[in-house]
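Next up, final.txt (compact mmCIF, C-alpha atoms):
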```
# COMPACT_ATOMS: atom_id res chain seq x y z
CA MET A 12 71.32 121.48 86.08
CA GLN A 13 70.71 117.98 87.49
CA ASN A 14 74.04 116.77 86.08
CA PHE A 15 75.80 119.81 87.54
CA ILE A 16 74.34 119.22 91.01
CA PHE A 17 75.22 115.52 90.79
CA SER A 18 78.85 116.32 89.96
CA LEU A 19 79.06 118.97 92.69
CA ASN A 20 77.72 116.49 95.23
CA ALA A 21 80.42 114.00 94.20
CA THR A 22 83.42 116.34 94.21
CA PHE A 23 82.77 119.44 96.33
CA PRO A 24 82.50 117.60 99.69
CA ILE A 25 86.00 116.22 99.00
CA PHE A 26 87.27 119.76 98.48
CA LEU A 27 85.57 120.94 101.69
CA VAL A 28 87.17 118.19 103.80
CA MET A 29 90.58 119.19 102.43
CA LEU A 30 89.75 122.80 103.31
CA LEU A 31 88.93 121.69 106.86
CA GLY A 32 92.37 120.11 107.19
CA TYR A 33 93.99 123.31 105.94
CA ILE A 34 92.03 125.42 108.46
CA LEU A 35 92.82 123.09 111.36
CA LYS A 36 96.52 123.29 110.52
CA ASN A 37 96.42 127.09 110.45
CA VAL A 38 94.67 127.35 113.82
CA HIS A 39 97.33 124.99 115.21
CA MET A 40 95.00 122.09 116.00
CA LEU A 41 97.02 119.88 113.65
CA GLY A 42 100.78 119.84 113.23
CA GLU A 43 103.36 118.38 110.89
CA ASP A 44 103.64 115.27 113.07
CA PHE A 45 99.96 114.54 112.43
CA VAL A 46 100.42 114.89 108.67
CA THR A 47 103.40 112.52 108.64
CA THR A 48 101.69 109.92 110.83
CA ALA A 49 98.38 110.11 108.94
CA ASN A 50 100.11 109.71 105.57
CA THR A 51 101.98 106.63 106.79
CA LEU A 52 98.81 105.13 108.28
CA ASN A 53 96.89 105.72 105.06
CA PHE A 54 99.60 104.32 102.82
CA LYS A 55 100.25 101.18 104.85
CA VAL A 56 96.83 100.39 106.35
CA THR A 57 93.63 102.23 105.43
CA LEU A 58 94.01 102.56 101.63
CA PRO A 59 95.11 98.92 101.14
CA VAL A 60 92.13 97.76 103.23
CA LEU A 61 89.75 100.00 101.25
CA LEU A 62 90.94 98.60 97.92
CA PHE A 63 90.89 95.06 99.28
CA LEU A 64 87.21 95.45 100.21
CA ASP A 65 86.29 97.09 96.87
CA ILE A 66 87.78 94.19 94.91
CA SER A 67 86.97 91.29 97.24
CA THR A 68 83.26 92.16 97.48
CA ALA A 69 82.86 92.39 93.69
CA ASN A 70 81.84 89.28 91.80
CA ILE A 71 84.77 89.43 89.39
CA ARG A 72 84.07 86.05 87.77
CA ASP A 73 80.52 86.96 86.72
CA VAL A 74 81.31 90.39 85.25
CA TRP A 75 84.74 89.62 83.79
CA ASP A 76 85.39 91.18 80.36
CA GLY A 77 88.97 90.61 79.21
CA SER A 78 88.86 93.09 76.33
CA TYR A 79 87.58 95.82 78.63
CA VAL A 80 90.27 95.20 81.26
CA LEU A 81 92.90 95.12 78.50
CA PHE A 82 91.63 98.43 77.11
CA CYS A 83 91.83 100.09 80.55
CA SER A 84 95.32 98.70 81.13
CA GLY A 85 96.54 99.73 77.68
CA VAL A 86 95.22 103.28 78.03
CA THR A 87 96.79 103.64 81.48
CA THR A 88 100.14 102.44 80.14
CA LEU A 89 99.98 104.71 77.08
CA CYS A 90 99.10 107.80 79.14
CA PHE A 91 101.80 107.15 81.72
CA PHE A 92 104.74 106.62 79.36
CA THR A 93 103.64 109.45 77.04
CA ILE A 94 103.43 111.94 79.91
CA TRP A 95 106.72 110.75 81.41
CA GLY A 96 108.55 110.94 78.10
CA LEU A 97 107.26 114.44 77.31
CA SER A 98 108.00 115.61 80.86
CA LYS A 99 111.62 114.47 80.57
CA LEU A 100 111.93 116.59 77.44
CA LEU A 101 109.96 119.69 78.43
CA ILE A 102 110.23 120.22 82.21
CA LYS A 103 113.36 122.16 83.13
CA LYS A 104 113.16 121.61 86.90
CA LYS A 105 113.89 117.90 87.00
CA GLU A 106 112.92 117.59 90.68
CA LEU A 107 109.28 118.21 89.65
CA ILE A 108 109.05 115.38 87.11
CA GLY A 109 108.08 112.53 89.43
CA ALA A 110 105.28 114.45 91.14
CA PHE A 111 104.07 115.98 87.86
CA VAL A 112 103.86 112.67 86.00
CA GLN A 113 102.12 110.79 88.80
CA ALA A 114 99.55 113.52 89.40
CA SER A 115 98.87 113.96 85.65
CA PHE A 116 98.00 110.36 84.79
CA ARG A 117 96.64 108.89 88.03
CA SER A 118 92.92 109.26 88.82
CA SER A 119 90.76 108.75 91.86
CA ALA A 120 89.44 105.58 90.20
CA ALA A 121 88.78 103.49 93.30
CA VAL A 122 87.26 106.18 95.50
CA LEU A 123 85.16 108.07 92.93
CA GLY A 124 84.67 105.35 90.33
CA ILE A 125 82.35 103.11 92.35
CA ALA A 126 80.53 106.11 93.89
CA PHE A 127 79.77 107.68 90.51
CA ILE A 128 78.50 104.50 88.89
CA GLN A 129 76.40 103.55 91.92
CA ASN A 130 74.78 107.00 91.88
CA MET A 131 73.99 106.73 88.18
CA TYR A 132 73.05 103.05 87.80
CA GLY A 133 72.30 101.76 91.30
CA SER A 134 75.20 99.28 91.36
CA SER A 135 78.97 99.35 91.01
CA GLY A 136 78.69 97.84 87.52
CA MET A 137 81.98 97.81 85.67
CA ALA A 138 83.92 99.88 88.22
CA PRO A 139 85.64 96.84 89.81
CA LEU A 140 86.89 95.70 86.38
CA MET A 141 88.21 99.19 85.65
CA ILE A 142 89.93 99.16 89.05
CA VAL A 143 91.52 95.78 88.31
CA GLY A 144 92.78 97.06 84.96
CA THR A 145 94.13 100.38 86.20
CA VAL A 146 94.83 100.70 89.93
CA PRO A 147 97.60 98.06 90.12
CA LEU A 148 99.28 99.77 87.15
CA TYR A 149 98.75 103.18 88.76
CA ASN A 150 100.78 102.01 91.73
CA ILE A 151 103.44 100.13 89.74
CA TYR A 152 104.04 103.04 87.38
CA SER A 153 103.95 105.55 90.25
CA VAL A 154 106.60 103.57 92.10
CA LEU A 155 108.74 103.55 88.94
CA VAL A 156 108.58 107.28 88.25
CA LEU A 157 108.83 108.31 91.90
CA THR A 158 111.84 106.03 92.41
CA PHE A 159 113.73 107.15 89.31
CA GLU A 160 112.85 110.84 89.67
CA ALA A 161 113.19 111.13 93.48
CA ARG A 162 115.40 113.84 94.96
CA ARG A 163 118.80 112.46 96.03
CA ASP A 164 121.91 113.97 97.51
CA ASP A 165 124.10 111.71 95.41
CA GLU A 166 123.50 110.17 92.01
CA GLU A 167 122.64 106.49 92.13
CA ILE A 168 123.43 104.20 89.25
CA ASP A 169 120.48 102.93 87.21
CA THR A 170 120.76 99.34 88.43
CA SER A 171 120.46 100.53 92.01
CA ARG A 172 117.35 102.54 91.17
CA LEU A 173 115.83 99.62 89.29
CA THR A 174 116.44 97.31 92.25
CA SER A 175 114.85 99.89 94.54
CA ALA A 176 111.84 100.22 92.21
CA ILE A 177 111.28 96.46 92.08
CA LYS A 178 111.49 96.25 95.86
CA ASN A 179 109.02 99.11 96.24
CA ILE A 180 106.58 97.46 93.84
CA ILE A 181 106.76 94.06 95.54
CA THR A 182 106.27 95.57 99.00
CA ASN A 183 103.74 98.25 97.99
CA PRO A 184 100.83 97.86 100.46
CA ILE A 185 98.24 99.13 97.97
CA ILE A 186 99.26 96.58 95.32
CA LEU A 187 99.23 93.82 97.94
CA GLY A 188 95.73 94.88 99.02
CA ILE A 189 94.44 94.68 95.44
CA LEU A 190 96.03 91.27 94.83
CA ALA A 191 94.58 89.93 98.07
CA GLY A 192 91.17 91.27 97.07
CA LEU A 193 91.39 89.50 93.70
CA VAL A 194 92.26 86.20 95.38
CA VAL A 195 89.31 86.49 97.76
CA SER A 196 86.89 87.51 95.01
CA VAL A 197 87.87 84.76 92.58
CA SER A 198 88.08 82.03 95.23
CA GLY A 199 84.77 82.96 96.83
CA ILE A 200 86.24 83.15 100.34
CA THR A 201 83.89 84.71 102.88
CA PHE A 202 84.72 86.23 106.26
CA PRO A 203 82.75 86.24 109.51
CA VAL A 204 80.58 89.29 110.14
CA MET A 205 82.96 90.41 112.88
CA VAL A 206 85.90 90.50 110.43
CA ASN A 207 83.88 92.28 107.72
CA LYS A 208 82.75 94.99 110.12
CA THR A 209 86.29 95.49 111.38
CA LEU A 210 87.66 95.83 107.84
CA SER A 211 84.81 98.19 106.89
CA SER A 212 85.57 100.42 109.88
CA ILE A 213 89.24 100.62 108.91
CA ALA A 214 88.41 101.27 105.25
CA SER A 215 85.99 104.06 106.18
CA LEU A 216 88.91 105.99 107.66
CA ALA A 217 90.88 106.05 104.41
CA THR A 218 89.28 108.87 102.46
CA PRO A 219 88.50 111.42 105.23
CA LEU A 220 91.85 110.89 106.95
CA ALA A 221 93.74 111.23 103.67
CA LEU A 222 91.83 114.39 102.74
CA ILE A 223 92.37 116.04 106.13
CA ALA A 224 96.09 115.19 106.02
CA LEU A 225 96.30 116.58 102.49
CA GLY A 226 94.65 119.82 103.52
CA ALA A 227 96.82 120.10 106.64
CA GLY A 228 99.96 119.53 104.57
CA PHE A 229 98.96 121.94 101.80
CA GLU A 230 101.47 124.78 101.42
CA GLY A 231 99.56 127.75 100.05
CA LYS A 232 102.50 129.98 99.15
CA GLY A 233 104.56 127.08 97.91
CA ALA A 234 101.69 125.90 95.72
CA LEU A 235 101.26 129.36 94.19
CA SER A 236 104.94 129.33 93.20
CA LYS A 237 104.21 126.16 91.18
CA ILE A 238 100.95 127.29 89.60
CA LYS A 239 102.15 126.75 86.01
CA PRO A 240 102.91 123.00 86.30
CA THR A 241 99.75 122.68 88.42
CA MET A 242 97.58 124.12 85.65
CA VAL A 243 99.31 122.07 82.93
CA ALA A 244 98.83 118.84 84.90
CA SER A 245 95.19 119.74 85.59
CA PHE A 246 94.58 120.35 81.88
CA ILE A 247 96.12 116.97 81.00
CA LYS A 248 94.19 115.19 83.74
CA LEU A 249 90.73 116.67 83.24
CA LEU A 250 90.54 117.60 79.56
CA LEU A 251 93.33 116.31 77.31
CA GLN A 252 93.30 112.62 78.28
CA PRO A 253 89.51 112.16 77.95
CA ALA A 254 89.40 114.21 74.74
CA ILE A 255 91.92 111.87 73.10
CA ILE A 256 90.86 108.50 74.55
CA LEU A 257 87.06 108.66 74.83
CA PRO A 258 86.49 108.60 71.02
CA PHE A 259 88.51 105.36 70.83
CA ALA A 260 86.48 103.88 73.69
CA ILE A 261 83.28 104.73 71.82
CA ILE A 262 84.64 103.19 68.61
CA CYS A 263 85.40 100.01 70.61
CA GLY A 264 81.70 99.85 71.53
CA PHE A 265 81.92 100.70 75.23
CA GLU A 266 78.86 102.49 76.63
CA GLN A 267 76.75 102.93 79.78
CA GLU A 268 78.59 101.71 82.94
CA LYS A 269 81.69 100.76 80.98
CA LEU A 270 82.01 104.18 79.39
CA VAL A 271 81.35 105.98 82.69
CA ALA A 272 84.09 103.90 84.35
CA ILE A 273 86.49 104.84 81.53
CA LEU A 274 85.51 108.50 81.95
CA ILE A 275 86.31 108.29 85.68
CA MET A 276 89.61 106.56 84.85
CA LEU A 277 90.56 109.42 82.53
CA ALA A 278 88.95 112.58 83.87
CA SER A 279 88.40 112.29 87.63
CA PRO A 280 90.55 114.32 90.05
CA THR A 281 94.05 113.21 90.93
CA THR A 282 93.82 110.67 93.75
CA VAL A 283 94.84 111.64 97.27
CA SER A 284 97.16 108.62 97.45
CA CYS A 285 99.45 110.47 95.00
CA TYR A 286 100.31 112.88 97.80
CA ILE A 287 100.87 110.05 100.26
CA MET A 288 103.23 108.21 97.88
CA ALA A 289 105.06 111.38 96.81
CA LYS A 290 105.75 112.32 100.43
CA ASN A 291 106.79 108.79 101.36
CA MET A 292 109.12 108.47 98.36
CA ASN A 293 110.99 111.80 98.61
CA ASN A 294 109.24 113.61 95.76
CA ASP A 295 107.56 117.02 95.57
CA GLY A 296 104.59 116.90 97.94
CA THR A 297 103.81 120.60 97.45
CA LEU A 298 103.24 120.26 93.71
CA THR A 299 101.30 117.03 94.21
CA SER A 300 98.95 118.54 96.79
CA SER A 301 98.47 121.61 94.60
CA ILE A 302 97.42 119.45 91.62
CA ILE A 303 95.06 117.38 93.79
CA VAL A 304 93.34 120.50 95.15
CA MET A 305 93.08 122.10 91.70
CA THR A 306 91.77 118.99 89.91
CA THR A 307 89.28 118.28 92.71
CA PHE A 308 87.85 121.79 92.46
CA LEU A 309 87.78 121.98 88.65
CA SER A 310 86.44 118.46 88.15
CA ALA A 311 83.05 119.56 89.49
CA PHE A 312 82.74 121.52 86.25
CA THR A 313 84.72 119.41 83.78
CA LEU A 314 83.10 116.10 84.79
CA THR A 315 79.72 117.75 84.52
CA ALA A 316 80.57 118.79 80.97
CA TRP A 317 81.76 115.29 80.01
CA ILE A 318 78.70 113.61 81.55
CA TYR A 319 76.37 116.07 79.82
CA LEU A 320 78.10 115.48 76.48
CA LEU A 321 77.95 111.68 76.74
CA ARG A 322 74.32 111.76 77.87
CA SER A 323 73.38 114.14 75.09
CA ILE A 324 74.61 111.69 72.45
CA GLY A 325 72.91 108.77 74.21
CA LEU A 326 75.99 106.80 75.32
CA ILE A 327 75.36 106.84 79.08
```

Just give me the structure of the file as structure tokens.
Amino acid sequence: MQNFIFSLNATFPIFLVMLLGYILKNVHMLGEDFVTTANTLNFKVTLPVLLFLDISTANIRDVWDGSYVLFCSGVTTLCFFTIWGLSKLLIKKKELIGAFVQASFRSSAAVLGIAFIQNMYGSSGMAPLMIVGTVPLYNIYSVLVLTFEARRDDEEIDTSRLTSAIKNIITNPIILGILAGLVVSVSGITFPVMVNKTLSSIASLATPLALIALGAGFEGKGALSKIKPTMVASFIKLLLQPAIILPFAIICGFEQEKLVAILIMLASPTTVSCYIMAKNMNNDGTLTSSIIVMTTFLSAFTLTAWIYLLRSIGLI
């Protein structure tokens, strides 16, 4: 019961904030202009600042574990290309592929990862290393699939799409925020209190603003029409990936904070930034928001089950 309450406390408030956004939209307190503006603000400002602070305030040099970072990066790469390849073969509605792939492999690693590990162990532990190994790849791979699978009125040649993808990766604000955070962490640069407080205030806006915008932009009827891909993506995200990868992580000797961080990487809800990127890159925002809502709700139960299982066998 304690594990269940812990998981509910971590995930259900997120669901409730999204619900608030949906209610405010339906009582006409929020409009489509707010959703568009909030998504742009989150993508270009608040989320990059949040990730910058997460990485820059972690002592990367002291906790660095190359094999662990390599494992996280390898798993992320394997999951992404496997899901994309199978989606190209099995999904008939090609306009859904970009949103489906991104939402199936990409977790709320930065937002939930540190929170979970701090709640369980009292410190962020290995979460920053997991973030370094996964979040840059999350964004690079998301840019790739969203660029190549975006809806277009006319067919672009592959070289044009590749050029567009490279440009989107280089200019991606989230990737730039992570890289800047790494530079600051490794170099030991410190900022005045005034700067730190300003950055913290901006970063604190990221999650609630993104959740409210997601709820306000959620299309109930449209989401119901795409319930099948939503459920398939949720199954992949919450159950299939951890079921396949966790045994290999255990074989590699990862346990405690490292194993919890891997669990969050594999089995946490789809991150809200998926919706922001899908909307900004001309992909299916309705399917993306539907998967985020579904995985956020179901993860209160599935994460509880995974945590209970790993605790029962003495690994966390």

Quick one, how far is CA of Met205 (chain A) from CA of Ser67 (chain A)?
16.2 Å

Which one of A:Asn291, A:Asn183, A:Thr209, A:Asn150 sits closest to Thr47 (chain A) if you count only C-alpha atoms?
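Among A:Asn291, A:Asn183, A:Thr209, A:Asn150, it is A:Asn291 that comes nearest to Thr47 (chain A).
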
May I have the residues within 9 Å of Lys248 (chain A) as a PyMOL selection string, using all atoms listed in the file and disregarding those fewer than 6 positions away in the same chain?
chain A and resi 114-118+277-281+306

Provide the CA of Ile94 (chain A) to CA of Thr145 (chain A) distance in Å, to one decimal place.
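Separation of CA of Ile94 (chain A) and CA of Thr145 (chain A): 16.1 Å.
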
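CA of Ile186 (chain A) is positioned 5.7 Å from CA of Pro147 (chain A).
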
Top pick for closest residue to Ser236 (chain A), considering A:Thr282, A:Thr218, A:Thr174, A:Ser301 and counting only C-alpha atoms
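Answer, going by the shortest atom-to-atom distance: A:Ser301.
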
Would you kindly return, as a ChimeraX atom specification, each protein, DNA or RNA residue with an atom no farther than 7 Å from any atom of Leu62 (chain A), considering all atoms listed in the file and excluding same-chain residues fewer than 4 positions away?
/A:58,66,188-189

Counting all atoms listed in the file, what is within 8 Å of Thr307 (chain A), bar same-chain residues fewer than 3 positions away, as a ChimeraX atom specification?
/A:22-23,25-26,279-281,303-304,310-311

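For the residues A:Gly192, A:Gly42, A:Gly85, A:Pro203, ranking by smallest atom-to-atom distance to Tyr149 (chain A) using all atoms listed in the file places A:Gly85 first.
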
Nearest to Phe63 (chain A), chosen from A:Ala214, A:Ile318, A:Ala244, A:Leu31, with all atoms listed in the file counted in the distances
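Smallest separation from Phe63 (chain A) among the options: A:Ala214.
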
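Once all atoms listed in the file are considered, the residues situated within 8 Å of the file point (98.1, 119.6, 98.9) turn out to be Leu225, Gly226, Ala227, Gly228, Phe229, Glu230, Ala234, Tyr286, Gly296, Thr297, Leu298, Thr299, Ser300, Ser301, Ile302, Ile303 and Val304 of chain A.
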
Tell me which protein, DNA and RNA residues are within 10 Å of Leu27 (chain A), counting all atoms listed in the file, leaving out same-chain ones fewer than 6 positions away, and put them as number ranges by chain.
A: 33, 222-223, 226, 308

Which residue is closest to Asn294 (chain A)? Choose from A:Lys239, A:Lys105, A:Arg322, A:Lys178 and count all atoms listed in the file.
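Of the candidates, the smallest distance to Asn294 (chain A) is held by A:Lys105.
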
Nearest residue to Thr68 (chain A) out of A:Val195, A:Ile151, A:Ile181, A:Ala217, using only C-alpha atoms?
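Checking each of A:Val195, A:Ile151, A:Ile181, A:Ala217 against Thr68 (chain A), counting only C-alpha atoms, the winner is A:Val195.
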
Could you give me the centre and size, in Å to one decimal, of an axis-aligned box around all listed atoms of region 281-290 of chain A with 5 Å added on every side, as lines of an AutoDock Vina configuration file?
```
center_x = 99.8
center_y = 110.7
center_z = 95.7
size_x = 21.9
size_y = 15.0
size_z = 19.5
```
